[in-house]
file data.cif (mmCIF, N, CA and C atoms)
data_my_file
#
loop_
_atom_site.label_atom_id
_atom_site.label_comp_id
_atom_site.auth_asym_id
_atom_site.auth_seq_id
_atom_site.Cartn_x
_atom_site.Cartn_y
_atom_site.Cartn_z
N MET A 1 0.84 -1.18 0.00
CA MET A 1 0.00 0.00 0.00
C MET A 1 0.89 1.24 0.00
N ARG A 2 0.51 2.23 -0.81
CA ARG A 2 1.32 3.45 -0.90
C ARG A 2 1.06 4.35 0.29
N ARG A 3 2.07 5.09 0.67
CA ARG A 3 1.96 6.04 1.77
C ARG A 3 1.28 7.31 1.29
N ALA A 4 0.66 8.05 2.19
CA ALA A 4 -0.12 9.24 1.84
C ALA A 4 0.70 10.28 1.09
N GLU A 5 1.97 10.43 1.40
CA GLU A 5 2.74 11.49 0.77
C GLU A 5 3.02 11.23 -0.71
N THR A 6 2.75 10.04 -1.21
CA THR A 6 2.95 9.77 -2.62
C THR A 6 1.75 10.24 -3.46
N LEU A 7 0.67 10.61 -2.82
CA LEU A 7 -0.50 11.10 -3.55
C LEU A 7 -0.27 12.53 -4.00
N ALA A 8 -1.08 12.99 -4.93
CA ALA A 8 -0.92 14.33 -5.49
C ALA A 8 -1.21 15.43 -4.47
N LEU A 9 -2.04 15.16 -3.49
CA LEU A 9 -2.40 16.17 -2.50
C LEU A 9 -1.54 15.98 -1.25
N PRO A 10 -0.64 16.92 -0.97
CA PRO A 10 0.21 16.78 0.22
C PRO A 10 -0.62 16.71 1.49
N ARG A 11 -0.08 16.03 2.49
CA ARG A 11 -0.78 15.85 3.76
C ARG A 11 -1.26 17.17 4.36
N ALA A 12 -0.41 18.18 4.35
CA ALA A 12 -0.77 19.48 4.94
C ALA A 12 -1.95 20.09 4.20
N ASP A 13 -1.98 19.95 2.88
CA ASP A 13 -3.10 20.48 2.10
C ASP A 13 -4.39 19.73 2.41
N ALA A 14 -4.31 18.42 2.57
CA ALA A 14 -5.49 17.63 2.89
C ALA A 14 -6.04 18.03 4.25
N ALA A 15 -5.16 18.22 5.22
CA ALA A 15 -5.59 18.64 6.55
C ALA A 15 -6.21 20.02 6.51
N ALA A 16 -5.64 20.92 5.71
CA ALA A 16 -6.19 22.27 5.57
C ALA A 16 -7.56 22.23 4.92
N LEU A 17 -7.73 21.37 3.92
CA LEU A 17 -9.03 21.23 3.26
C LEU A 17 -10.08 20.73 4.24
N VAL A 18 -9.73 19.74 5.01
CA VAL A 18 -10.65 19.21 6.02
C VAL A 18 -11.02 20.31 7.02
N ALA A 19 -10.05 21.06 7.46
CA ALA A 19 -10.31 22.14 8.42
C ALA A 19 -11.15 23.25 7.80
N ASP A 20 -10.86 23.63 6.56
CA ASP A 20 -11.60 24.71 5.91
C ASP A 20 -13.06 24.35 5.71
N ILE A 21 -13.32 23.14 5.29
CA ILE A 21 -14.69 22.72 5.03
C ILE A 21 -15.40 22.32 6.32
N GLY A 22 -14.64 21.80 7.26
CA GLY A 22 -15.22 21.41 8.54
C GLY A 22 -15.99 20.10 8.49
N CYS A 23 -15.64 19.25 7.52
CA CYS A 23 -16.43 18.03 7.36
C CYS A 23 -15.60 16.76 7.49
N GLY A 24 -14.60 16.79 8.29
CA GLY A 24 -13.80 15.60 8.46
C GLY A 24 -12.80 15.77 9.58
N VAL A 25 -12.02 14.74 9.76
CA VAL A 25 -10.99 14.75 10.80
C VAL A 25 -9.68 14.32 10.16
N ALA A 26 -8.67 15.13 10.28
CA ALA A 26 -7.35 14.77 9.78
C ALA A 26 -6.56 14.14 10.91
N VAL A 27 -5.97 12.99 10.63
CA VAL A 27 -5.16 12.31 11.64
C VAL A 27 -3.76 12.06 11.09
N ASP A 28 -2.82 11.94 11.99
CA ASP A 28 -1.45 11.62 11.62
C ASP A 28 -1.36 10.10 11.46
N ALA A 29 -1.26 9.63 10.23
CA ALA A 29 -1.25 8.20 9.94
C ALA A 29 -0.06 7.48 10.57
N GLU A 30 0.97 8.22 10.93
CA GLU A 30 2.16 7.60 11.51
C GLU A 30 2.12 7.56 13.03
N ARG A 31 1.10 8.15 13.63
CA ARG A 31 0.97 8.14 15.10
C ARG A 31 0.06 7.00 15.53
N ASP A 32 0.59 6.09 16.30
CA ASP A 32 -0.19 4.95 16.78
C ASP A 32 -1.44 5.43 17.51
N GLY A 33 -2.57 4.86 17.15
CA GLY A 33 -3.81 5.15 17.83
C GLY A 33 -4.53 6.39 17.36
N ALA A 34 -3.96 7.15 16.43
CA ALA A 34 -4.58 8.40 16.00
C ALA A 34 -5.93 8.16 15.33
N LEU A 35 -5.98 7.21 14.44
CA LEU A 35 -7.24 6.94 13.74
C LEU A 35 -8.29 6.38 14.70
N GLY A 36 -7.88 5.45 15.52
CA GLY A 36 -8.81 4.89 16.50
C GLY A 36 -9.34 5.95 17.45
N GLY A 37 -8.48 6.85 17.88
CA GLY A 37 -8.90 7.93 18.77
C GLY A 37 -9.89 8.86 18.10
N ALA A 38 -9.63 9.18 16.84
CA ALA A 38 -10.55 10.05 16.09
C ALA A 38 -11.90 9.37 15.90
N MET A 39 -11.88 8.08 15.60
CA MET A 39 -13.13 7.34 15.41
C MET A 39 -13.92 7.24 16.71
N THR A 40 -13.23 7.01 17.80
CA THR A 40 -13.90 6.95 19.10
C THR A 40 -14.52 8.29 19.45
N ASP A 41 -13.79 9.36 19.20
CA ASP A 41 -14.31 10.70 19.46
C ASP A 41 -15.58 10.95 18.66
N LEU A 42 -15.56 10.59 17.39
CA LEU A 42 -16.75 10.78 16.55
C LEU A 42 -17.91 9.89 16.99
N PHE A 43 -17.61 8.71 17.45
CA PHE A 43 -18.66 7.81 17.93
C PHE A 43 -19.48 8.45 19.04
N PHE A 44 -18.81 9.16 19.92
CA PHE A 44 -19.48 9.76 21.08
C PHE A 44 -20.01 11.17 20.80
N ARG A 45 -19.92 11.63 19.55
CA ARG A 45 -20.40 12.98 19.20
C ARG A 45 -21.34 12.94 18.00
N PRO A 46 -22.55 12.38 18.18
CA PRO A 46 -23.46 12.23 17.05
C PRO A 46 -23.87 13.56 16.41
N LEU A 47 -24.06 14.59 17.18
CA LEU A 47 -24.44 15.88 16.61
C LEU A 47 -23.31 16.44 15.74
N HIS A 48 -22.09 16.27 16.21
CA HIS A 48 -20.93 16.70 15.43
C HIS A 48 -20.87 15.96 14.09
N ARG A 49 -21.17 14.66 14.11
CA ARG A 49 -21.19 13.88 12.87
C ARG A 49 -22.24 14.42 11.91
N LEU A 50 -23.42 14.76 12.44
CA LEU A 50 -24.49 15.30 11.59
C LEU A 50 -24.09 16.63 10.97
N VAL A 51 -23.47 17.49 11.76
CA VAL A 51 -23.03 18.79 11.25
C VAL A 51 -21.97 18.60 10.17
N MET A 52 -21.01 17.72 10.43
CA MET A 52 -19.97 17.47 9.42
C MET A 52 -20.58 16.91 8.15
N GLY A 53 -21.57 16.05 8.28
CA GLY A 53 -22.24 15.49 7.11
C GLY A 53 -22.91 16.57 6.28
N GLU A 54 -23.59 17.50 6.94
CA GLU A 54 -24.24 18.59 6.22
C GLU A 54 -23.21 19.49 5.55
N LEU A 55 -22.13 19.78 6.24
CA LEU A 55 -21.07 20.60 5.64
C LEU A 55 -20.46 19.89 4.44
N ALA A 56 -20.29 18.59 4.52
CA ALA A 56 -19.76 17.82 3.40
C ALA A 56 -20.72 17.87 2.22
N ARG A 57 -22.00 17.73 2.49
CA ARG A 57 -23.00 17.78 1.42
C ARG A 57 -22.95 19.13 0.71
N ARG A 58 -22.90 20.19 1.49
CA ARG A 58 -22.82 21.54 0.90
C ARG A 58 -21.55 21.72 0.08
N ALA A 59 -20.44 21.22 0.60
CA ALA A 59 -19.18 21.35 -0.13
C ALA A 59 -19.24 20.58 -1.45
N CYS A 60 -19.85 19.40 -1.43
CA CYS A 60 -19.95 18.59 -2.65
C CYS A 60 -20.86 19.24 -3.68
N LEU A 61 -21.83 19.97 -3.23
CA LEU A 61 -22.73 20.66 -4.16
C LEU A 61 -22.16 22.00 -4.62
N GLY A 62 -21.16 22.50 -3.91
CA GLY A 62 -20.59 23.80 -4.23
C GLY A 62 -19.15 23.71 -4.67
N ALA A 63 -18.27 24.11 -3.78
CA ALA A 63 -16.84 24.26 -4.11
C ALA A 63 -16.18 22.97 -4.57
N LEU A 64 -16.66 21.82 -4.11
CA LEU A 64 -16.03 20.56 -4.48
C LEU A 64 -16.79 19.83 -5.58
N ALA A 65 -17.75 20.49 -6.19
CA ALA A 65 -18.54 19.86 -7.24
C ALA A 65 -17.65 19.49 -8.43
N TRP A 66 -18.05 18.46 -9.12
CA TRP A 66 -17.28 17.97 -10.26
C TRP A 66 -16.98 19.09 -11.25
N GLU A 67 -17.97 19.91 -11.51
CA GLU A 67 -17.79 20.98 -12.48
C GLU A 67 -16.68 21.95 -12.09
N GLU A 68 -16.46 22.09 -10.81
CA GLU A 68 -15.44 23.01 -10.32
C GLU A 68 -14.02 22.46 -10.51
N ASP A 69 -13.85 21.17 -10.35
CA ASP A 69 -12.51 20.59 -10.33
C ASP A 69 -12.31 19.46 -11.33
N ALA A 70 -13.13 19.38 -12.35
CA ALA A 70 -13.08 18.25 -13.27
C ALA A 70 -11.69 17.99 -13.83
N ALA A 71 -11.04 18.99 -14.38
CA ALA A 71 -9.74 18.78 -15.01
C ALA A 71 -8.70 18.28 -14.01
N VAL A 72 -8.69 18.86 -12.81
CA VAL A 72 -7.72 18.44 -11.79
C VAL A 72 -7.99 17.01 -11.36
N LEU A 73 -9.24 16.66 -11.14
CA LEU A 73 -9.59 15.32 -10.69
C LEU A 73 -9.32 14.27 -11.76
N VAL A 74 -9.60 14.59 -13.01
CA VAL A 74 -9.30 13.65 -14.09
C VAL A 74 -7.80 13.40 -14.15
N ALA A 75 -7.00 14.44 -14.04
CA ALA A 75 -5.54 14.27 -14.06
C ALA A 75 -5.07 13.42 -12.89
N LEU A 76 -5.65 13.65 -11.71
CA LEU A 76 -5.27 12.85 -10.53
C LEU A 76 -5.63 11.39 -10.74
N HIS A 77 -6.81 11.12 -11.23
CA HIS A 77 -7.23 9.73 -11.46
C HIS A 77 -6.33 9.05 -12.50
N ARG A 78 -5.98 9.78 -13.52
CA ARG A 78 -5.08 9.20 -14.54
C ARG A 78 -3.71 8.91 -13.95
N ALA A 79 -3.20 9.82 -13.13
CA ALA A 79 -1.90 9.61 -12.50
C ALA A 79 -1.93 8.41 -11.58
N LEU A 80 -3.02 8.27 -10.82
CA LEU A 80 -3.14 7.12 -9.93
C LEU A 80 -3.25 5.83 -10.72
N ALA A 81 -4.00 5.84 -11.80
CA ALA A 81 -4.17 4.64 -12.62
C ALA A 81 -2.85 4.22 -13.26
N ASP A 82 -2.00 5.20 -13.58
CA ASP A 82 -0.72 4.90 -14.23
C ASP A 82 0.41 4.64 -13.25
N SER A 83 0.15 4.78 -11.94
CA SER A 83 1.20 4.63 -10.95
C SER A 83 1.53 3.15 -10.69
N PRO A 84 2.75 2.89 -10.22
CA PRO A 84 3.12 1.51 -9.89
C PRO A 84 2.17 0.96 -8.83
N GLY A 85 1.76 -0.24 -9.00
CA GLY A 85 0.88 -0.88 -8.04
C GLY A 85 -0.60 -0.64 -8.30
N ALA A 86 -0.92 0.14 -9.34
CA ALA A 86 -2.32 0.37 -9.67
C ALA A 86 -2.93 -0.93 -10.18
N MET A 87 -4.16 -1.15 -9.82
CA MET A 87 -4.84 -2.37 -10.27
C MET A 87 -5.34 -2.17 -11.70
N GLY A 88 -5.30 -3.20 -12.46
CA GLY A 88 -5.88 -3.11 -13.80
C GLY A 88 -5.04 -3.64 -14.87
#

call {"tool": "encode", "arguments": {"input": "data.cif", "output": "structure tokens"}}
result
Amino acid sequence: MRRAETLALPRADAAALVADIGCGVAVDAERDGALGGAMTDLFFRPLHRLVMGELARRACLGALAWEEDAAVLVALHRALADSPGAMG
């Protein structure tokens, strides 16, 4: 499995995107227990999950809509498909 830093979107940018939109949780994949801790936190915060879901829906209909980023996303998908270890 490839590490996050090999993807087109640097870790810091992904965390900034999550923070800007407010619809997710960025965790340090190299820190033991980070993902589990984030999941546990979300489990005990149902209202927070609902708010993040609504923010994600709005982002997908607006700034993150396909029409807004089509060329960038197509290029990313092509790069991933052509990368070593891609299935197909």

call {"tool": "resolve_selection", "arguments": {"input": "data.cif", "expression": "the PyMOL selection byres ((chain A and resi 47-60) around 6)", "output": "JSON, numbers by chain"}}
result
{"A": [21, 22, 23, 24, 45, 46, 61, 62, 63, 64, 65]}

call {"tool": "residues_around", "arguments": {"input": "data.cif", "residues": "range 25-27 of chain A", "least_positions_apart": "6", "cutoff": "10 Å", "atoms": "only C-alpha atoms", "output": "ChimeraX atom specification"}}
result
/A:11-12,14-19,33-39,42,52

call {"tool": "atom_distance", "arguments": {"input": "data.cif", "atom1": "CA of Leu76 in chain A", "atom2": "CA of Glu30 in chain A"}}
result
23.8 Å

call {"tool": "atom_distance", "arguments": {"input": "data.cif", "atom1": "CA of Ala79 in chain A", "atom2": "atom C of Ala29 in chain A"}}
result
23.2 Å

call {"tool": "select_by_dssp", "arguments": {"input": "data.cif", "residues": "range 8-84 of chain A", "states": "alpha helix (DSSP H)", "output": "ChimeraX atom specification"}}
result
/A:11-21,34-43,46-61,66-82

call {"tool": "axis_aligned_box", "arguments": {"input": "data.cif", "around": "range 71-79 of chain A", "padding_each_side": "4 Å", "output": "JSON"}}
result
{"center_x": -6.5, "center_y": 13.7, "center_z": -12.8, "size_x": 17.1, "size_y": 18.6, "size_z": 12.5}

call {"tool": "atom_distance", "arguments": {"input": "data.cif", "atom1": "atom N of Asp13 in chain A", "atom2": "atom C of Asp28 in chain A"}}
result
13.1 Å

call {"tool": "decode", "arguments": {"input": "data.cif", "residues": "range 35-80 of chain A", "atoms": "N, CA and C atoms", "output": "compact mmCIF listing (two decimals), in the first residue's frame"}}
result
# COMPACT_ATOMS: atom_id res chain seq x y z
N LEU A 35 -5.98 7.21 14.44
CA LEU A 35 -7.24 6.94 13.74
C LEU A 35 -8.29 6.38 14.70
N GLY A 36 -7.88 5.45 15.52
CA GLY A 36 -8.81 4.89 16.50
C GLY A 36 -9.34 5.95 17.45
N GLY A 37 -8.48 6.85 17.88
CA GLY A 37 -8.90 7.93 18.77
C GLY A 37 -9.89 8.86 18.10
N ALA A 38 -9.63 9.18 16.84
CA ALA A 38 -10.55 10.05 16.09
C ALA A 38 -11.90 9.37 15.90
N MET A 39 -11.88 8.08 15.60
CA MET A 39 -13.13 7.34 15.41
C MET A 39 -13.92 7.24 16.71
N THR A 40 -13.23 7.01 17.80
CA THR A 40 -13.90 6.95 19.10
C THR A 40 -14.52 8.29 19.45
N ASP A 41 -13.79 9.36 19.20
CA ASP A 41 -14.31 10.70 19.46
C ASP A 41 -15.58 10.95 18.66
N LEU A 42 -15.56 10.59 17.39
CA LEU A 42 -16.75 10.78 16.55
C LEU A 42 -17.91 9.89 16.99
N PHE A 43 -17.61 8.71 17.45
CA PHE A 43 -18.66 7.81 17.93
C PHE A 43 -19.48 8.45 19.04
N PHE A 44 -18.81 9.16 19.92
CA PHE A 44 -19.48 9.76 21.08
C PHE A 44 -20.01 11.17 20.80
N ARG A 45 -19.92 11.63 19.55
CA ARG A 45 -20.40 12.98 19.20
C ARG A 45 -21.34 12.94 18.00
N PRO A 46 -22.55 12.38 18.18
CA PRO A 46 -23.46 12.23 17.05
C PRO A 46 -23.87 13.56 16.41
N LEU A 47 -24.06 14.59 17.18
CA LEU A 47 -24.44 15.88 16.61
C LEU A 47 -23.31 16.44 15.74
N HIS A 48 -22.09 16.27 16.21
CA HIS A 48 -20.93 16.70 15.43
C HIS A 48 -20.87 15.96 14.09
N ARG A 49 -21.17 14.66 14.11
CA ARG A 49 -21.19 13.88 12.87
C ARG A 49 -22.24 14.42 11.91
N LEU A 50 -23.42 14.76 12.44
CA LEU A 50 -24.49 15.30 11.59
C LEU A 50 -24.09 16.63 10.97
N VAL A 51 -23.47 17.49 11.76
CA VAL A 51 -23.03 18.79 11.25
C VAL A 51 -21.97 18.60 10.17
N MET A 52 -21.01 17.72 10.43
CA MET A 52 -19.97 17.47 9.42
C MET A 52 -20.58 16.91 8.15
N GLY A 53 -21.57 16.05 8.28
CA GLY A 53 -22.24 15.49 7.11
C GLY A 53 -22.91 16.57 6.28
N GLU A 54 -23.59 17.50 6.94
CA GLU A 54 -24.24 18.59 6.22
C GLU A 54 -23.21 19.49 5.55
N LEU A 55 -22.13 19.78 6.24
CA LEU A 55 -21.07 20.60 5.64
C LEU A 55 -20.46 19.89 4.44
N ALA A 56 -20.29 18.59 4.52
CA ALA A 56 -19.76 17.82 3.40
C ALA A 56 -20.72 17.87 2.22
N ARG A 57 -22.00 17.73 2.49
CA ARG A 57 -23.00 17.78 1.42
C ARG A 57 -22.95 19.13 0.71
N ARG A 58 -22.90 20.19 1.49
CA ARG A 58 -22.82 21.54 0.90
C ARG A 58 -21.55 21.72 0.08
N ALA A 59 -20.44 21.22 0.60
CA ALA A 59 -19.18 21.35 -0.13
C ALA A 59 -19.24 20.58 -1.45
N CYS A 60 -19.85 19.40 -1.43
CA CYS A 60 -19.95 18.59 -2.65
C CYS A 60 -20.86 19.24 -3.68
N LEU A 61 -21.83 19.97 -3.23
CA LEU A 61 -22.73 20.66 -4.16
C LEU A 61 -22.16 22.00 -4.62
N GLY A 62 -21.16 22.50 -3.91
CA GLY A 62 -20.59 23.80 -4.23
C GLY A 62 -19.15 23.71 -4.67
N ALA A 63 -18.27 24.11 -3.78
CA ALA A 63 -16.84 24.26 -4.11
C ALA A 63 -16.18 22.97 -4.57
N LEU A 64 -16.66 21.82 -4.11
CA LEU A 64 -16.03 20.56 -4.48
C LEU A 64 -16.79 19.83 -5.58
N ALA A 65 -17.75 20.49 -6.19
CA ALA A 65 -18.54 19.86 -7.24
C ALA A 65 -17.65 19.49 -8.43
N TRP A 66 -18.05 18.46 -9.12
CA TRP A 66 -17.28 17.97 -10.26
C TRP A 66 -16.98 19.09 -11.25
N GLU A 67 -17.97 19.91 -11.51
CA GLU A 67 -17.79 20.98 -12.48
C GLU A 67 -16.68 21.95 -12.09
N GLU A 68 -16.46 22.09 -10.81
CA GLU A 68 -15.44 23.01 -10.32
C GLU A 68 -14.02 22.46 -10.51
N ASP A 69 -13.85 21.17 -10.35
CA ASP A 69 -12.51 20.59 -10.33
C ASP A 69 -12.31 19.46 -11.33
N ALA A 70 -13.13 19.38 -12.35
CA ALA A 70 -13.08 18.25 -13.27
C ALA A 70 -11.69 17.99 -13.83
N ALA A 71 -11.04 18.99 -14.38
CA ALA A 71 -9.74 18.78 -15.01
C ALA A 71 -8.70 18.28 -14.01
N VAL A 72 -8.69 18.86 -12.81
CA VAL A 72 -7.72 18.44 -11.79
C VAL A 72 -7.99 17.01 -11.36
N LEU A 73 -9.24 16.66 -11.14
CA LEU A 73 -9.59 15.32 -10.69
C LEU A 73 -9.32 14.27 -11.76
N VAL A 74 -9.60 14.59 -13.01
CA VAL A 74 -9.30 13.65 -14.09
C VAL A 74 -7.80 13.40 -14.15
N ALA A 75 -7.00 14.44 -14.04
CA ALA A 75 -5.54 14.27 -14.06
C ALA A 75 -5.07 13.42 -12.89
N LEU A 76 -5.65 13.65 -11.71
CA LEU A 76 -5.27 12.85 -10.53
C LEU A 76 -5.63 11.39 -10.74
N HIS A 77 -6.81 11.12 -11.23
CA HIS A 77 -7.23 9.73 -11.46
C HIS A 77 -6.33 9.05 -12.50
N ARG A 78 -5.98 9.78 -13.52
CA ARG A 78 -5.08 9.20 -14.54
C ARG A 78 -3.71 8.91 -13.95
N ALA A 79 -3.20 9.82 -13.13
CA ALA A 79 -1.90 9.61 -12.50
C ALA A 79 -1.93 8.41 -11.58
N LEU A 80 -3.02 8.27 -10.82
CA LEU A 80 -3.14 7.12 -9.93
C LEU A 80 -3.25 5.83 -10.72
